[in-house]
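Undergrad: To start, I am sharing the structure in question, which I have written as structure tokens.
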Amino acid sequence: MTRSSYPPHAGHFLISEPFMTDQNFQRTVVLLVEHGGEGSLGFVLNRRLDIGLSNLIEELPLFEAPVFMGGPVEQNTLHYVHRLGDRIPNSQQIGLGLFWGGEFEWVKDQIQDGGLSPTDILFFVGYSGWGPGQLLKEIEDKAWIVAPENADFVFQEDYSDLWRQVLKSMGPKYQIISNYPTDPRLN
């Protein structure tokens, strides 16, 4: 498998290698929101759920923002990535035009008042996490390809072909990988 050209960094993407057998990460794109000596944390972008935010938080009105399965860790938690900057108090910048978290009460108030656009925020149930050094080891073992940040891949209409789109955007050697079959025995 091809070695990554980019180091892992908040705002970058992790693209699973084409033959990964772990069902949690098979053909996924993970947006890293934290990476450092204490570990790494990110959210799977291409596992959209067929539920709305109001299904998770009953007091909220219908709000059409996408909800994704962020990963296998703590699936009883809700996280969000947005492009609202410091409009959401205490949010953290993770890349150019990308932010993570902030005061959820403010988000709820804005949803209830109609002051928040569903095209500016994504919600995630659970997250993907790695302990200290674990992600670097997995990258070294070529389980992940690291791609540079690109907010256009985070906020889009359809995420079903995201794995292939991100790989193709990285140039010719990755375009070849994007066409690998899920099961090489079927080639």
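So you can find residues: chains in the structure tokens are A, B, ... in the order shown, residues in each start at 1, and ligands are numbered from 1 in order.
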Determine, counting only C-alpha atoms, which protein, DNA and RNA residues have an atom within 12 Å of an atom of range 48-58 of chain A; residues of the same chain fewer than 2 positions away are not included. Present the result as a PyMOL selection string.

TA: chain A and resi 28-29+43-46+60-71+75-80+104+107-108+111-112+118+121-125+157-162

Undergrad: Let's see if you can do this: from backbone DSSP, list all strand (DSSP E or B) residues in range 106-177 of chain A, as a list in words.

TA: Ile121, Leu122, Phe123, Phe124, Val125, Gly126, Tyr127, Ser128, Gly129, Trp130, Trp144, Ile145, Val146 and Ala147 of chain A

Undergrad: Put those residues in a file: N, CA and C atoms, as a compact mmCIF listing (two decimals), in the first residue's frame.

TA:
```
# COMPACT_ATOMS: atom_id res chain seq x y z
N ILE A 121 -23.52 22.79 9.91
CA ILE A 121 -23.15 21.98 11.07
C ILE A 121 -23.45 20.51 10.79
N LEU A 122 -22.57 19.63 11.25
CA LEU A 122 -22.74 18.19 11.15
C LEU A 122 -22.68 17.60 12.55
N PHE A 123 -23.51 16.60 12.81
CA PHE A 123 -23.55 15.97 14.12
C PHE A 123 -23.05 14.54 14.02
N PHE A 124 -22.40 14.07 15.09
CA PHE A 124 -21.81 12.74 15.12
C PHE A 124 -22.17 12.03 16.42
N VAL A 125 -22.65 10.81 16.28
CA VAL A 125 -22.90 9.94 17.43
C VAL A 125 -21.63 9.13 17.63
N GLY A 126 -21.01 9.26 18.80
CA GLY A 126 -19.75 8.57 19.06
C GLY A 126 -18.59 9.21 18.32
N TYR A 127 -17.42 8.60 18.49
CA TYR A 127 -16.23 9.13 17.83
C TYR A 127 -15.24 8.01 17.58
N SER A 128 -14.21 8.34 16.85
CA SER A 128 -13.10 7.43 16.56
C SER A 128 -11.91 7.92 17.37
N GLY A 129 -11.31 7.04 18.17
CA GLY A 129 -10.23 7.49 19.03
C GLY A 129 -9.05 6.54 19.01
N TRP A 130 -7.88 7.11 19.25
CA TRP A 130 -6.63 6.35 19.30
C TRP A 130 -5.84 6.82 20.51
N TRP A 144 -3.87 3.50 7.21
CA TRP A 144 -4.50 4.78 6.90
C TRP A 144 -3.64 5.58 5.93
N ILE A 145 -4.30 6.33 5.08
CA ILE A 145 -3.65 7.32 4.22
C ILE A 145 -4.11 8.67 4.75
N VAL A 146 -3.19 9.58 4.97
CA VAL A 146 -3.54 10.90 5.48
C VAL A 146 -3.68 11.85 4.30
N ALA A 147 -4.79 12.58 4.27
CA ALA A 147 -5.06 13.55 3.21
C ALA A 147 -5.12 14.95 3.81
```

Undergrad: Measuring atom to atom with only C-alpha atoms, identify which of A:Val166, A:Asp86, A:Arg27, A:Glu38 is nearest to Glu149 in chain A.

TA: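 Among the listed residues, the smallest separation from Glu149 in chain A belongs to A:Val166.
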
Undergrad: Counting only C-alpha atoms, which of A:Pro172, A:Pro72, A:Gly11, A:Gly102 gets nearest to Gln23 in chain A?

TA: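 Checking each of A:Pro172, A:Pro72, A:Gly11, A:Gly102 against Gln23 in chain A, counting only C-alpha atoms, the winner is A:Pro72.
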
Undergrad: As a PyMOL selection string, please: all residues of range 2-185 of chain A that backbone DSSP puts in helix (DSSP H, G or I).

TA: chain A and resi 53-56+85-87+104-113+118-120+134-140+151-154+162-169+172-178+184-185

Undergrad: In terms of the shortest atom-to-atom distance over only C-alpha atoms, which of A:Lys173, A:Arg83, A:His35, A:Lys168 is closest to His9 in chain A?

TA: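 Comparing A:Lys173, A:Arg83, A:His35, A:Lys168 against His9 in chain A, the winner is A:His35.
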
Undergrad: Check the smallest atom-to-atom distance from each of A:Gln156, A:Asn150, A:Asn179, A:Gln165 to Phe13 in chain A using only C-alpha atoms, then report the winner.

TA: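 Smallest separation from Phe13 in chain A among the options: A:Asn150.
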
Undergrad: Using Å and a single decimal, report how far CA of Gln26 in chain A sits from CA of Thr119 in chain A.

TA: 26.3 Å
